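> Pasting in a structure now, in structure tokens, and then I'll have a few things to ask.
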Amino acid sequence: MARKRRKGVKLRVRRPVLRRRLSIVAAVLLLASVGLGFWLIRPFWHLSGQFAAHPTLQPSRLYGRSVQLERGAYLPADRLVARLEEVHYRREEGSGDTAPSSPGRYRRGGGSISVALRRFPSPAGPRGGELLTVTYRGKRIRQLRLAGKEVESALLEPPVIASYYGSDFKDRRPVVLEELPNHLVQVVLAAEDDSFFRHAGVSIKGLARAMWVNVRKGGMQHGGSTLTQQLVKNIYLTHERTLARKVREGVLAVLLEVRYSKEEILQAYLNEIYLGASGGVNLIGVGAASYAIFGKEARDLSLGEAAALAGMIKSPAHYSPLSSLDRALEQRNRVLDHLLELKRLKPEAIVAARAQPLEISPRRPVRRRAPYFANAAAQEAARRYGLDSLADAGYSLLSTLSWEDQQQAEEAVSWGLKALEKGWEKGTKVKGPLQAALVSIDPRSGGIRSWVGGRDYAASQFDRASSALRQAGSSFKPVVYAAAIQEGVAAPASLIEDAPLTVMLAGQRWSPNNDDDAFRGWVTVRTAMERSLNVPTARLALQAGLPNVVSVARGLGVRTHLQPYPSLALGAFEVTPVEMATVYATLAAGGKMPPVHALKAVFDRQGKPVAGQALPQAEPVIDPQTAYLVTSILQGVLDRGTARAVRGWGLMDALAGKTGTSNDRRDSWFVGYSPDRSTAVWVGYDDNSRTRLSGSRAALPIWSRFALKVRPANGYPTFPQPAGITTALIDPETGELASGRCPNVLTEVFRADQVPSSVCTLHNPWQRAFRENQRELDGEERRRVRGWLKRIFNREERQRRKASRRPP
């Protein structure tokens, strides 16, 4: 009995232990099941969140200004063709009176050009998609027809200036399934999953076939993935070939099929499939690949082109038409043959597509074509539209930049710097290369037309156009003259003394000198500007009042810190090229400072406009008469002054501008303008090293080359004369009204109430004699003596002329 009781005790002891062990095993199995389920299911929640976003995920794109065609405009056909090909339109054989076969193509002949416009963004919303016919008379546009209707103007597709990619550099152009041609869908299904609409995410037949292939080849060689499984793998899972990953992929595919419709899955797949790379950018989706390889939207693909894309899916690098047309053609034909077997399209259409050659029109994704401007535009997008990040955000940014002008600006800067390094700066030993910046603005709107922030963005991303604070030198002098004229202390014909000047300030003596260390006595305001004389300019600044000069500078567009010191008159302070371009643009706009900007409109990924801060209205900062008088003086700088070399470039238009050179020639400037363009050029070294340059040597040739290349067909327009301005003939030596004895006569501009009343005394003896004696005469005697002297000298003048006509 004792033995039995002992055995019973043992049994009572073992049962709790066994139960605990069984509980532990059950708990472990439960946890393992939960963990396995969590491991299998967890990605689905992440996948579901990504699923809705992926069809619209794409880089933001910055567009240049659209070319506007106008009836009667001068635009040779060759130039129009160049602009079309710049945005990758392709020529087709045929008359210009007939429509091209598909969007993105044009035909030329018979005095006309017909263009099948692609759809493109514009500030007014999506445009394009119609047939544009341009008819010529000589080199001018005689007629414009858009969608069969005659119009006065039409827009061309704008060029892409930059794309804002994420860190993975994926290019996407999302498509909508309903907008795609049926043959594109059918070739993709034929190539990748012909039973897509019959399975539930996993194809048993496909898996069995894949397992048989893998057994025969001894490894995971074939996955047997359905289109849904490929989508799961592309969005979330890795591409490793393991059994665990395959199981997970299958479970997620089934869950995806339960959650979403076949059409939604197919659209996501078409937008997510990897189709190779171009220009260092990955092509994701049929939209991006269609654009990069065939230069057209996916909805415009032909059957043969669509089959070529479908054939790439198995091995994009191997079957891409960009790498091998022959391999791509063979693969395309295999896809078409399988499609023929499936009998999902008309056999004659498939046979015809198979017989066609495979033609491509490569359009490499744009990363940064104008990189300094692209950065400036991104900063403006953040400032005005609140868009702190553009990467993969899908925004369309429509800019003011003219791509044609930008190319000319970059070429002029490159040419100018190379010429200087082979010439004036040859042998100079400095740490870094010679640099330059060029900014060109439309004074009428404030839109930036060109923006070059340095000679090589890859070598230096520092933007000298907006961030380089450099001394303005004499390029600031027009601000001084504007302040003096605005205050009424000077006019173009006023005399200023060019003689030694000393100013005491806080116990310090300041004595400016002219560039040649010479003095010329009394000179006119116009002469002082044309010869860029420092001392008369300093006197004028003191007469106008230094605080007034600072105030005018602020109004004209200078935003850097200014102090009312005498040296301010000579530009002894720092300013950026974009500020100087703004100053001169304000003069060009008649005294109204234009709102300088890079962006005209921004749209989100759905094409809806993004609200932003409106541009300020152009406010008058100086009166139009002052702006016109300063402009007239600056025109003389090009005609007779330090910038007369401009005329040697063949630029005979009514342009205005000013050179500038800072102390020790560290900075060289030229800023020139017309009513429709203000362009500033700066040249110097980043470390502020001395140069052998000047504004006329360094910046002026770059400006001239650029201005000549972007010159309008009819030349630069003239400056309109505002009300309250009149002209008079004067002697440039005295600034007085000219007489017949004056050897040099100049037509000068004045405010209507500031025309001189006295006739030149330097070259008119009777006037000089009268002035010398008039203090001793009363009013009546003064009039009598004046008339008497005038009759005497007029009689002598007649006798002199009569004698000069006698034969010898």
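Scheme for the structure tokens: letters A, B, ... for chains in order shown; per-chain residue numbers from 1; ligand numbers from 1 in order shown.
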Give me, as a list in words, all polymer residues having an atom no more than 7 Å from region 526-535 of chain A, counting only C-alpha atoms and skipping those fewer than 2 positions away in the same chain.

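Counting only the stated atoms, we get Ser474, Pro492, Ala493, Asp498, Leu501, Pro512, Asn513, Asn514, Val523, Thr524, Thr537, Ala538, Arg539, Leu570, Ile633, Gly636, Val637, Arg640, Gly641 and Thr642 of chain A.
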
> Skipping near chain neighbours, those fewer than 2 positions away, what residues fall within 9 Å of Gln58 (chain A) using only C-alpha atoms, listed as a PDB file with all heavy atoms, in the first residue's frame?


ATOM      1  N   HIS A  54       0.972  55.634 -54.387  1.00  0.00           N
ATOM      2  CA  HIS A  54       1.926  55.334 -55.445  1.00  0.00           C
ATOM      3  C   HIS A  54       1.484  55.736 -56.847  1.00  0.00           C
ATOM      4  O   HIS A  54       2.303  56.191 -57.616  1.00  0.00           O
ATOM      5  CB  HIS A  54       2.291  53.840 -55.413  1.00  0.00           C
ATOM      6  CG  HIS A  54       3.549  53.588 -54.657  1.00  0.00           C
ATOM      7  ND1 HIS A  54       3.591  53.560 -53.304  1.00  0.00           N
ATOM      8  CD2 HIS A  54       4.836  53.416 -55.082  1.00  0.00           C
ATOM      9  CE1 HIS A  54       4.828  53.338 -52.899  1.00  0.00           C
ATOM     10  NE2 HIS A  54       5.601  53.248 -53.952  1.00  0.00           N
ATOM     11  N   PRO A  55       0.229  55.606 -57.197  1.00  0.00           N
ATOM     12  CA  PRO A  55      -0.124  56.014 -58.553  1.00  0.00           C
ATOM     13  C   PRO A  55       0.104  57.497 -58.826  1.00  0.00           C
ATOM     14  O   PRO A  55       0.133  57.905 -59.976  1.00  0.00           O
ATOM     15  CB  PRO A  55      -1.627  55.674 -58.631  1.00  0.00           C
ATOM     16  CG  PRO A  55      -1.809  54.580 -57.647  1.00  0.00           C
ATOM     17  CD  PRO A  55      -0.870  54.920 -56.536  1.00  0.00           C
ATOM     18  N   THR A  56       0.218  58.324 -57.795  1.00  0.00           N
ATOM     19  CA  THR A  56       0.418  59.753 -58.010  1.00  0.00           C
ATOM     20  C   THR A  56       1.788  60.231 -57.567  1.00  0.00           C
ATOM     21  O   THR A  56       2.092  61.408 -57.678  1.00  0.00           O
ATOM     22  CB  THR A  56      -0.654  60.554 -57.242  1.00  0.00           C
ATOM     23  OG1 THR A  56      -0.627  60.171 -55.855  1.00  0.00           O
ATOM     24  CG2 THR A  56      -2.034  60.282 -57.801  1.00  0.00           C
ATOM     25  N   SER A  60       8.539  66.631 -58.580  1.00  0.00           N
ATOM     26  CA  SER A  60       8.071  67.950 -58.996  1.00  0.00           C
ATOM     27  C   SER A  60       8.906  68.386 -60.192  1.00  0.00           C
ATOM     28  O   SER A  60      10.085  68.040 -60.301  1.00  0.00           O
ATOM     29  CB  SER A  60       8.226  68.960 -57.856  1.00  0.00           C
ATOM     30  OG  SER A  60       7.428  68.585 -56.746  1.00  0.00           O
ATOM     31  N   TYR A 165      13.886  65.260 -57.735  1.00  0.00           N
ATOM     32  CA  TYR A 165      13.762  63.842 -57.393  1.00  0.00           C
ATOM     33  C   TYR A 165      14.063  63.614 -55.924  1.00  0.00           C
ATOM     34  O   TYR A 165      14.741  64.424 -55.269  1.00  0.00           O
ATOM     35  CB  TYR A 165      14.742  63.016 -58.222  1.00  0.00           C
ATOM     36  CG  TYR A 165      14.442  62.990 -59.701  1.00  0.00           C
ATOM     37  CD1 TYR A 165      15.213  63.721 -60.596  1.00  0.00           C
ATOM     38  CD2 TYR A 165      13.397  62.231 -60.219  1.00  0.00           C
ATOM     39  CE1 TYR A 165      14.947  63.708 -61.959  1.00  0.00           C
ATOM     40  CE2 TYR A 165      13.120  62.212 -61.568  1.00  0.00           C
ATOM     41  CZ  TYR A 165      13.898  62.953 -62.435  1.00  0.00           C
ATOM     42  OH  TYR A 165      13.625  62.941 -63.771  1.00  0.00           O
ATOM     43  N   LYS A 170      13.852  58.379 -58.844  1.00  0.00           N
ATOM     44  CA  LYS A 170      12.844  57.638 -59.598  1.00  0.00           C
ATOM     45  C   LYS A 170      11.961  58.614 -60.368  1.00  0.00           C
ATOM     46  O   LYS A 170      11.389  59.538 -59.778  1.00  0.00           O
ATOM     47  CB  LYS A 170      11.990  56.782 -58.660  1.00  0.00           C
ATOM     48  CG  LYS A 170      12.745  55.602 -58.054  1.00  0.00           C
ATOM     49  CD  LYS A 170      11.831  54.764 -57.181  1.00  0.00           C
ATOM     50  CE  LYS A 170      12.575  53.535 -56.639  1.00  0.00           C
ATOM     51  NZ  LYS A 170      11.698  52.702 -55.770  1.00  0.00           N
ATOM     52  N   ASP A 171      11.884  58.388 -61.674  1.00  0.00           N
ATOM     53  CA  ASP A 171      11.048  59.229 -62.512  1.00  0.00           C
ATOM     54  C   ASP A 171       9.718  58.537 -62.747  1.00  0.00           C
ATOM     55  O   ASP A 171       9.671  57.380 -63.168  1.00  0.00           O
ATOM     56  CB  ASP A 171      11.732  59.499 -63.859  1.00  0.00           C
ATOM     57  CG  ASP A 171      11.039  60.613 -64.616  1.00  0.00           C
ATOM     58  OD1 ASP A 171      10.951  61.727 -64.072  1.00  0.00           O
ATOM     59  OD2 ASP A 171      10.590  60.377 -65.752  1.00  0.00           O
ATOM     60  N   ARG A 172       8.642  59.236 -62.466  1.00  0.00           N
ATOM     61  CA  ARG A 172       7.307  58.684 -62.659  1.00  0.00           C
ATOM     62  C   ARG A 172       6.445  59.694 -63.410  1.00  0.00           C
ATOM     63  O   ARG A 172       6.545  60.900 -63.192  1.00  0.00           O
ATOM     64  CB  ARG A 172       6.643  58.362 -61.312  1.00  0.00           C
ATOM     65  CG  ARG A 172       7.225  57.192 -60.552  1.00  0.00           C
ATOM     66  CD  ARG A 172       6.421  56.977 -59.270  1.00  0.00           C
ATOM     67  NE  ARG A 172       6.819  55.777 -58.556  1.00  0.00           N
ATOM     68  CZ  ARG A 172       7.771  55.735 -57.627  1.00  0.00           C
ATOM     69  NH1 ARG A 172       8.426  56.826 -57.314  1.00  0.00           N
ATOM     70  NH2 ARG A 172       8.053  54.595 -57.007  1.00  0.00           N
ATOM     71  N   ARG A 173       5.596  59.170 -64.265  1.00  0.00           N
ATOM     72  CA  ARG A 173       4.551  59.963 -64.922  1.00  0.00           C
ATOM     73  C   ARG A 173       3.268  59.145 -64.814  1.00  0.00           C
ATOM     74  O   ARG A 173       2.952  58.362 -65.711  1.00  0.00           O
ATOM     75  CB  ARG A 173       4.916  60.263 -66.370  1.00  0.00           C
ATOM     76  CG  ARG A 173       6.087  61.226 -66.496  1.00  0.00           C
ATOM     77  CD  ARG A 173       6.441  61.541 -67.934  1.00  0.00           C
ATOM     78  NE  ARG A 173       7.533  62.490 -67.996  1.00  0.00           N
ATOM     79  CZ  ARG A 173       7.401  63.814 -68.020  1.00  0.00           C
ATOM     80  NH1 ARG A 173       6.183  64.338 -67.994  1.00  0.00           N
ATOM     81  NH2 ARG A 173       8.445  64.604 -68.071  1.00  0.00           N
ATOM     82  N   PRO A 174       2.557  59.264 -63.711  1.00  0.00           N
ATOM     83  CA  PRO A 174       1.404  58.399 -63.430  1.00  0.00           C
ATOM     84  C   PRO A 174       0.371  58.422 -64.551  1.00  0.00           C
ATOM     85  O   PRO A 174       0.110  59.456 -65.171  1.00  0.00           O
ATOM     86  CB  PRO A 174       0.832  58.983 -62.138  1.00  0.00           C
ATOM     87  CG  PRO A 174       1.992  59.657 -61.489  1.00  0.00           C
ATOM     88  CD  PRO A 174       2.809  60.214 -62.608  1.00  0.00           C
ATOM     89  N   ALA A 391      10.775  67.383 -53.519  1.00  0.00           N
ATOM     90  CA  ALA A 391      11.200  66.047 -53.948  1.00  0.00           C
ATOM     91  C   ALA A 391      10.021  65.074 -53.927  1.00  0.00           C
ATOM     92  O   ALA A 391       9.347  64.910 -52.910  1.00  0.00           O
ATOM     93  CB  ALA A 391      12.318  65.539 -53.046  1.00  0.00           C
ATOM     94  N   ASP A 392       9.766  64.449 -55.086  1.00  0.00           N
ATOM     95  CA  ASP A 392       8.705  63.451 -55.233  1.00  0.00           C
ATOM     96  C   ASP A 392       7.345  63.955 -54.755  1.00  0.00           C
ATOM     97  O   ASP A 392       6.491  63.164 -54.345  1.00  0.00           O
ATOM     98  CB  ASP A 392       9.070  62.167 -54.479  1.00  0.00           C
ATOM     99  CG  ASP A 392      10.167  61.391 -55.190  1.00  0.00           C
ATOM    100  OD1 ASP A 392      10.372  61.610 -56.394  1.00  0.00           O
ATOM    101  OD2 ASP A 392      10.830  60.564 -54.536  1.00  0.00           O
ATOM    102  N   ALA A 393       7.128  65.259 -54.824  1.00  0.00           N
ATOM    103  CA  ALA A 393       5.863  65.820 -54.354  1.00  0.00           C
ATOM    104  C   ALA A 393       4.868  66.052 -55.487  1.00  0.00           C
ATOM    105  O   ALA A 393       3.713  66.379 -55.230  1.00  0.00           O
ATOM    106  CB  ALA A 393       6.115  67.136 -53.621  1.00  0.00           C
ATOM    107  N   GLY A 394       5.307  65.922 -56.733  1.00  0.00           N
ATOM    108  CA  GLY A 394       4.394  65.980 -57.864  1.00  0.00           C
ATOM    109  C   GLY A 394       3.920  67.361 -58.264  1.00  0.00           C
ATOM    110  O   GLY A 394       2.932  67.473 -58.991  1.00  0.00           O
ATOM    111  N   TYR A 395       4.593  68.422 -57.817  1.00  0.00           N
ATOM    112  CA  TYR A 395       4.166  69.766 -58.192  1.00  0.00           C
ATOM    113  C   TYR A 395       4.675  70.134 -59.592  1.00  0.00           C
ATOM    114  O   TYR A 395       5.746  69.695 -60.017  1.00  0.00           O
ATOM    115  CB  TYR A 395       4.682  70.790 -57.191  1.00  0.00           C
ATOM    116  CG  TYR A 395       4.060  70.671 -55.818  1.00  0.00           C
ATOM    117  CD1 TYR A 395       4.780  70.127 -54.757  1.00  0.00           C
ATOM    118  CD2 TYR A 395       2.757  71.102 -55.594  1.00  0.00           C
ATOM    119  CE1 TYR A 395       4.213  70.007 -53.496  1.00  0.00           C
ATOM    120  CE2 TYR A 395       2.180  70.987 -54.335  1.00  0.00           C
ATOM    121  CZ  TYR A 395       2.907  70.437 -53.295  1.00  0.00           C
ATOM    122  OH  TYR A 395       2.341  70.316 -52.049  1.00  0.00           O
ATOM    123  N   ARG A 605      -0.266  67.709 -57.794  1.00  0.00           N
ATOM    124  CA  ARG A 605      -0.237  66.505 -58.634  1.00  0.00           C
ATOM    125  C   ARG A 605      -1.580  66.229 -59.315  1.00  0.00           C
ATOM    126  O   ARG A 605      -1.619  65.521 -60.315  1.00  0.00           O
ATOM    127  CB  ARG A 605       0.195  65.302 -57.798  1.00  0.00           C
ATOM    128  CG  ARG A 605      -0.684  65.016 -56.608  1.00  0.00           C
ATOM    129  CD  ARG A 605      -0.349  63.656 -56.004  1.00  0.00           C
ATOM    130  NE  ARG A 605       1.008  63.602 -55.500  1.00  0.00           N
ATOM    131  CZ  ARG A 605       1.331  63.764 -54.222  1.00  0.00           C
ATOM    132  NH1 ARG A 605       0.386  64.026 -53.327  1.00  0.00           N
ATOM    133  NH2 ARG A 605       2.569  63.674 -53.824  1.00  0.00           N
TER     134      ARG A 605
END

> Give me, as number ranges by chain, the residues of region 46-171 of chain A that a backbone DSSP run labels strand (DSSP E).

A: 60-63, 68-70, 90-92, 105-109, 112-116, 131-137, 140-146, 149-151, 153-155, 160-164, 170-171

> Using only C-alpha atoms, what table do you get, as a tab-separated table, when you list each residue of region 632-706 of chain A with an atom no more than 6 Å from region 424-447 of chain A, its nearest pair of atoms, and their distance in Å rounded to one decimal, rows by chain then rising number?


residue	atom	partner	partner_atom	distance
A:Asp676	CA	A:Asp442	CA	5.5
A:Arg677	CA	A:Asp442	CA	4.7
A:Ser678	CA	A:Ile441	CA	5.2
A:Thr679	CA	A:Ser440	CA	4.1
A:Ala680	CA	A:Val439	CA	5.4
A:Val681	CA	A:Leu438	CA	4.6
A:Trp682	CA	A:Ala437	CA	5.3
A:Val683	CA	A:Ala436	CA	4.3
A:Gly684	CA	A:Gln435	CA	5.5
A:Tyr685	CA	A:Leu434	CA	5.2

> Would you please extract all helix (DSSP H, G or I) residues from region 703-775 of chain A, as assigned by DSSP on the backbone, and give them as a ChimeraX atom specification?

/A:703-709,765-775

> As an exercise, work out the distance from CA of His561 (chain A) to CA of Ser450 (chain A) in Å and give it to one decimal place.

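So the answer is 25.9 Å.
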
> What is the CA of Pro126 (chain A) to CA of Leu184 (chain A) distance in Å?

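Separation of CA of Pro126 (chain A) and CA of Leu184 (chain A): 24.3 Å.
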
> Excluding Phe120 (chain A) and its own-chain neighbours fewer than 6 positions away, which residues fall within 12 Å of it when counting only C-alpha atoms? Please give them as a list in words.

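Counting only C-alpha atoms, the residues come to Arg61, Tyr63, Gly64, Arg65, Ser66, Val87, Pro103, Gly104, Pro126, Arg127, Gly128, Gly129, Glu130, Leu155, Leu156, Glu157, Pro158, Pro159, Val160, Lys296, Glu297, Ser396, Leu398 and Gly607 of chain A.
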
> Taking only C-alpha atoms into account, name the residue in A:Arg108, A:Gly416, A:Glu411, A:Phe573 that is nearest to Arg91 (chain A).

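Closest candidate: A:Arg108.
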
> Just give me the gap between CA of Leu144 (chain A) and CA of Arg711 (chain A) in Å, one decimal is fine.

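About the pair CA of Leu144 (chain A) and CA of Arg711 (chain A): they are 24.1 Å apart.
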
> Using only C-alpha atoms, which protein or nucleic acid residues come within 12 Å of Leu542 (chain A)? Drop anything in the same chain fewer than 5 positions from it, and give the result as a PDB file with N, CA, C and O atoms, in the first residue's frame.


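Written output follows (around27.pdb):
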ATOM      1  N   VAL A 480      22.824 107.682 -57.593  1.00  0.00           N
ATOM      2  CA  VAL A 480      23.171 109.027 -57.109  1.00  0.00           C
ATOM      3  C   VAL A 480      22.541 110.083 -58.012  1.00  0.00           C
ATOM      4  O   VAL A 480      21.936 111.061 -57.545  1.00  0.00           O
ATOM      5  N   TYR A 481      22.668 109.905 -59.321  1.00  0.00           N
ATOM      6  CA  TYR A 481      22.142 110.880 -60.263  1.00  0.00           C
ATOM      7  C   TYR A 481      20.617 110.906 -60.209  1.00  0.00           C
ATOM      8  O   TYR A 481      19.999 111.974 -60.350  1.00  0.00           O
ATOM      9  N   ALA A 483      18.822 110.367 -57.531  1.00  0.00           N
ATOM     10  CA  ALA A 483      18.474 111.110 -56.316  1.00  0.00           C
ATOM     11  C   ALA A 483      18.638 112.609 -56.530  1.00  0.00           C
ATOM     12  O   ALA A 483      17.796 113.411 -56.091  1.00  0.00           O
ATOM     13  N   ALA A 484      19.717 113.003 -57.224  1.00  0.00           N
ATOM     14  CA  ALA A 484      19.965 114.428 -57.460  1.00  0.00           C
ATOM     15  C   ALA A 484      18.912 115.033 -58.380  1.00  0.00           C
ATOM     16  O   ALA A 484      18.408 116.143 -58.137  1.00  0.00           O
ATOM     17  N   GLU A 487      15.601 115.306 -56.553  1.00  0.00           N
ATOM     18  CA  GLU A 487      15.584 116.394 -55.582  1.00  0.00           C
ATOM     19  C   GLU A 487      15.648 117.764 -56.250  1.00  0.00           C
ATOM     20  O   GLU A 487      15.549 118.798 -55.567  1.00  0.00           O
ATOM     21  N   VAL A 489      18.219 119.162 -57.782  1.00  0.00           N
ATOM     22  CA  VAL A 489      19.511 119.852 -57.675  1.00  0.00           C
ATOM     23  C   VAL A 489      20.370 119.654 -58.911  1.00  0.00           C
ATOM     24  O   VAL A 489      21.481 120.191 -58.982  1.00  0.00           O
ATOM     25  N   ALA A 490      19.899 118.893 -59.890  1.00  0.00           N
ATOM     26  CA  ALA A 490      20.697 118.661 -61.094  1.00  0.00           C
ATOM     27  C   ALA A 490      19.795 118.300 -62.253  1.00  0.00           C
ATOM     28  O   ALA A 490      18.654 117.855 -62.076  1.00  0.00           O
ATOM     29  N   ILE A 496      28.862 120.572 -62.917  1.00  0.00           N
ATOM     30  CA  ILE A 496      29.413 120.140 -61.631  1.00  0.00           C
ATOM     31  C   ILE A 496      30.918 120.347 -61.694  1.00  0.00           C
ATOM     32  O   ILE A 496      31.550 120.093 -62.729  1.00  0.00           O
ATOM     33  N   LEU A 501      38.360 117.527 -53.756  1.00  0.00           N
ATOM     34  CA  LEU A 501      37.291 117.557 -52.769  1.00  0.00           C
ATOM     35  C   LEU A 501      37.737 116.819 -51.525  1.00  0.00           C
ATOM     36  O   LEU A 501      38.298 115.716 -51.617  1.00  0.00           O
ATOM     37  N   THR A 502      37.505 117.436 -50.369  1.00  0.00           N
ATOM     38  CA  THR A 502      37.822 116.785 -49.100  1.00  0.00           C
ATOM     39  C   THR A 502      36.608 116.892 -48.187  1.00  0.00           C
ATOM     40  O   THR A 502      36.031 117.964 -48.028  1.00  0.00           O
ATOM     41  N   VAL A 503      36.234 115.771 -47.606  1.00  0.00           N
ATOM     42  CA  VAL A 503      35.097 115.710 -46.701  1.00  0.00           C
ATOM     43  C   VAL A 503      35.583 115.184 -45.362  1.00  0.00           C
ATOM     44  O   VAL A 503      36.313 114.174 -45.306  1.00  0.00           O
ATOM     45  N   VAL A 535      34.783 112.377 -58.658  1.00  0.00           N
ATOM     46  CA  VAL A 535      34.674 113.575 -57.828  1.00  0.00           C
ATOM     47  C   VAL A 535      33.367 114.326 -58.085  1.00  0.00           C
ATOM     48  O   VAL A 535      32.654 114.669 -57.124  1.00  0.00           O
ATOM     49  N   PRO A 536      32.987 114.596 -59.331  1.00  0.00           N
ATOM     50  CA  PRO A 536      31.681 115.245 -59.539  1.00  0.00           C
ATOM     51  C   PRO A 536      30.520 114.428 -58.984  1.00  0.00           C
ATOM     52  O   PRO A 536      29.549 114.999 -58.471  1.00  0.00           O
ATOM     53  N   THR A 537      30.618 113.109 -59.075  1.00  0.00           N
ATOM     54  CA  THR A 537      29.544 112.260 -58.538  1.00  0.00           C
ATOM     55  C   THR A 537      29.446 112.403 -57.027  1.00  0.00           C
ATOM     56  O   THR A 537      28.349 112.471 -56.462  1.00  0.00           O
ATOM     57  N   PRO A 547      21.310 110.738 -47.109  1.00  0.00           N
ATOM     58  CA  PRO A 547      20.108 109.975 -46.730  1.00  0.00           C
ATOM     59  C   PRO A 547      19.131 109.816 -47.897  1.00  0.00           C
ATOM     60  O   PRO A 547      18.470 108.782 -48.020  1.00  0.00           O
ATOM     61  N   ASN A 548      19.038 110.852 -48.741  1.00  0.00           N
ATOM     62  CA  ASN A 548      18.164 110.744 -49.911  1.00  0.00           C
ATOM     63  C   ASN A 548      18.691 109.701 -50.892  1.00  0.00           C
ATOM     64  O   ASN A 548      17.913 108.976 -51.515  1.00  0.00           O
ATOM     65  N   VAL A 549      20.007 109.634 -51.038  1.00  0.00           N
ATOM     66  CA  VAL A 549      20.603 108.625 -51.919  1.00  0.00           C
ATOM     67  C   VAL A 549      20.279 107.233 -51.402  1.00  0.00           C
ATOM     68  O   VAL A 549      19.905 106.329 -52.168  1.00  0.00           O
ATOM     69  N   VAL A 550      20.403 107.028 -50.092  1.00  0.00           N
ATOM     70  CA  VAL A 550      20.074 105.724 -49.495  1.00  0.00           C
ATOM     71  C   VAL A 550      18.605 105.395 -49.734  1.00  0.00           C
ATOM     72  O   VAL A 550      18.250 104.270 -50.090  1.00  0.00           O
ATOM     73  N   PRO A 564      24.775 106.134 -44.833  1.00  0.00           N
ATOM     74  CA  PRO A 564      24.912 107.406 -45.558  1.00  0.00           C
ATOM     75  C   PRO A 564      26.309 108.010 -45.419  1.00  0.00           C
ATOM     76  O   PRO A 564      26.478 109.131 -44.927  1.00  0.00           O
ATOM     77  N   TYR A 565      27.310 107.264 -45.837  1.00  0.00           N
ATOM     78  CA  TYR A 565      28.679 107.761 -45.841  1.00  0.00           C
ATOM     79  C   TYR A 565      29.004 108.312 -47.222  1.00  0.00           C
ATOM     80  O   TYR A 565      28.446 107.858 -48.231  1.00  0.00           O
ATOM     81  N   PRO A 566      29.929 109.261 -47.330  1.00  0.00           N
ATOM     82  CA  PRO A 566      30.269 109.827 -48.644  1.00  0.00           C
ATOM     83  C   PRO A 566      30.724 108.771 -49.658  1.00  0.00           C
ATOM     84  O   PRO A 566      30.431 108.889 -50.852  1.00  0.00           O
ATOM     85  N   SER A 567      31.451 107.744 -49.194  1.00  0.00           N
ATOM     86  CA  SER A 567      31.941 106.715 -50.116  1.00  0.00           C
ATOM     87  C   SER A 567      30.805 105.913 -50.758  1.00  0.00           C
ATOM     88  O   SER A 567      31.021 105.223 -51.750  1.00  0.00           O
ATOM     89  N   LEU A 568      29.592 106.033 -50.193  1.00  0.00           N
ATOM     90  CA  LEU A 568      28.434 105.373 -50.789  1.00  0.00           C
ATOM     91  C   LEU A 568      28.250 105.807 -52.236  1.00  0.00           C
ATOM     92  O   LEU A 568      27.854 105.008 -53.093  1.00  0.00           O
ATOM     93  N   ALA A 569      28.547 107.074 -52.524  1.00  0.00           N
ATOM     94  CA  ALA A 569      28.352 107.621 -53.870  1.00  0.00           C
ATOM     95  C   ALA A 569      29.151 106.860 -54.915  1.00  0.00           C
ATOM     96  O   ALA A 569      28.753 106.814 -56.086  1.00  0.00           O
ATOM     97  N   LEU A 570      30.260 106.263 -54.510  1.00  0.00           N
ATOM     98  CA  LEU A 570      31.138 105.566 -55.458  1.00  0.00           C
ATOM     99  C   LEU A 570      30.968 104.051 -55.377  1.00  0.00           C
ATOM    100  O   LEU A 570      31.810 103.298 -55.859  1.00  0.00           O
TER     101      LEU A 570
END

> Hey, which of A:Gly304, A:Gly735, A:Gly571, A:Gly612 ends up closest to Leu599 (chain A)? Count only C-alpha atoms.

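With only C-alpha atoms as the atom set, the closest residue is A:Gly612.
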
> So, with only C-alpha atoms as the atoms that count, which of A:Leu390, A:Arg554, A:Asp300, A:Leu629 lies closest to Phe603 (chain A)?

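Under the stated criterion, the closest residue is A:Leu390.
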
> Which residue gives the smallest distance to Leu177 (chain A) among A:Glu192, A:Asp97, A:Glu264, A:Glu257, with only C-alpha atoms counted?

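Closest to Leu177 (chain A) of all the choices is A:Glu264.
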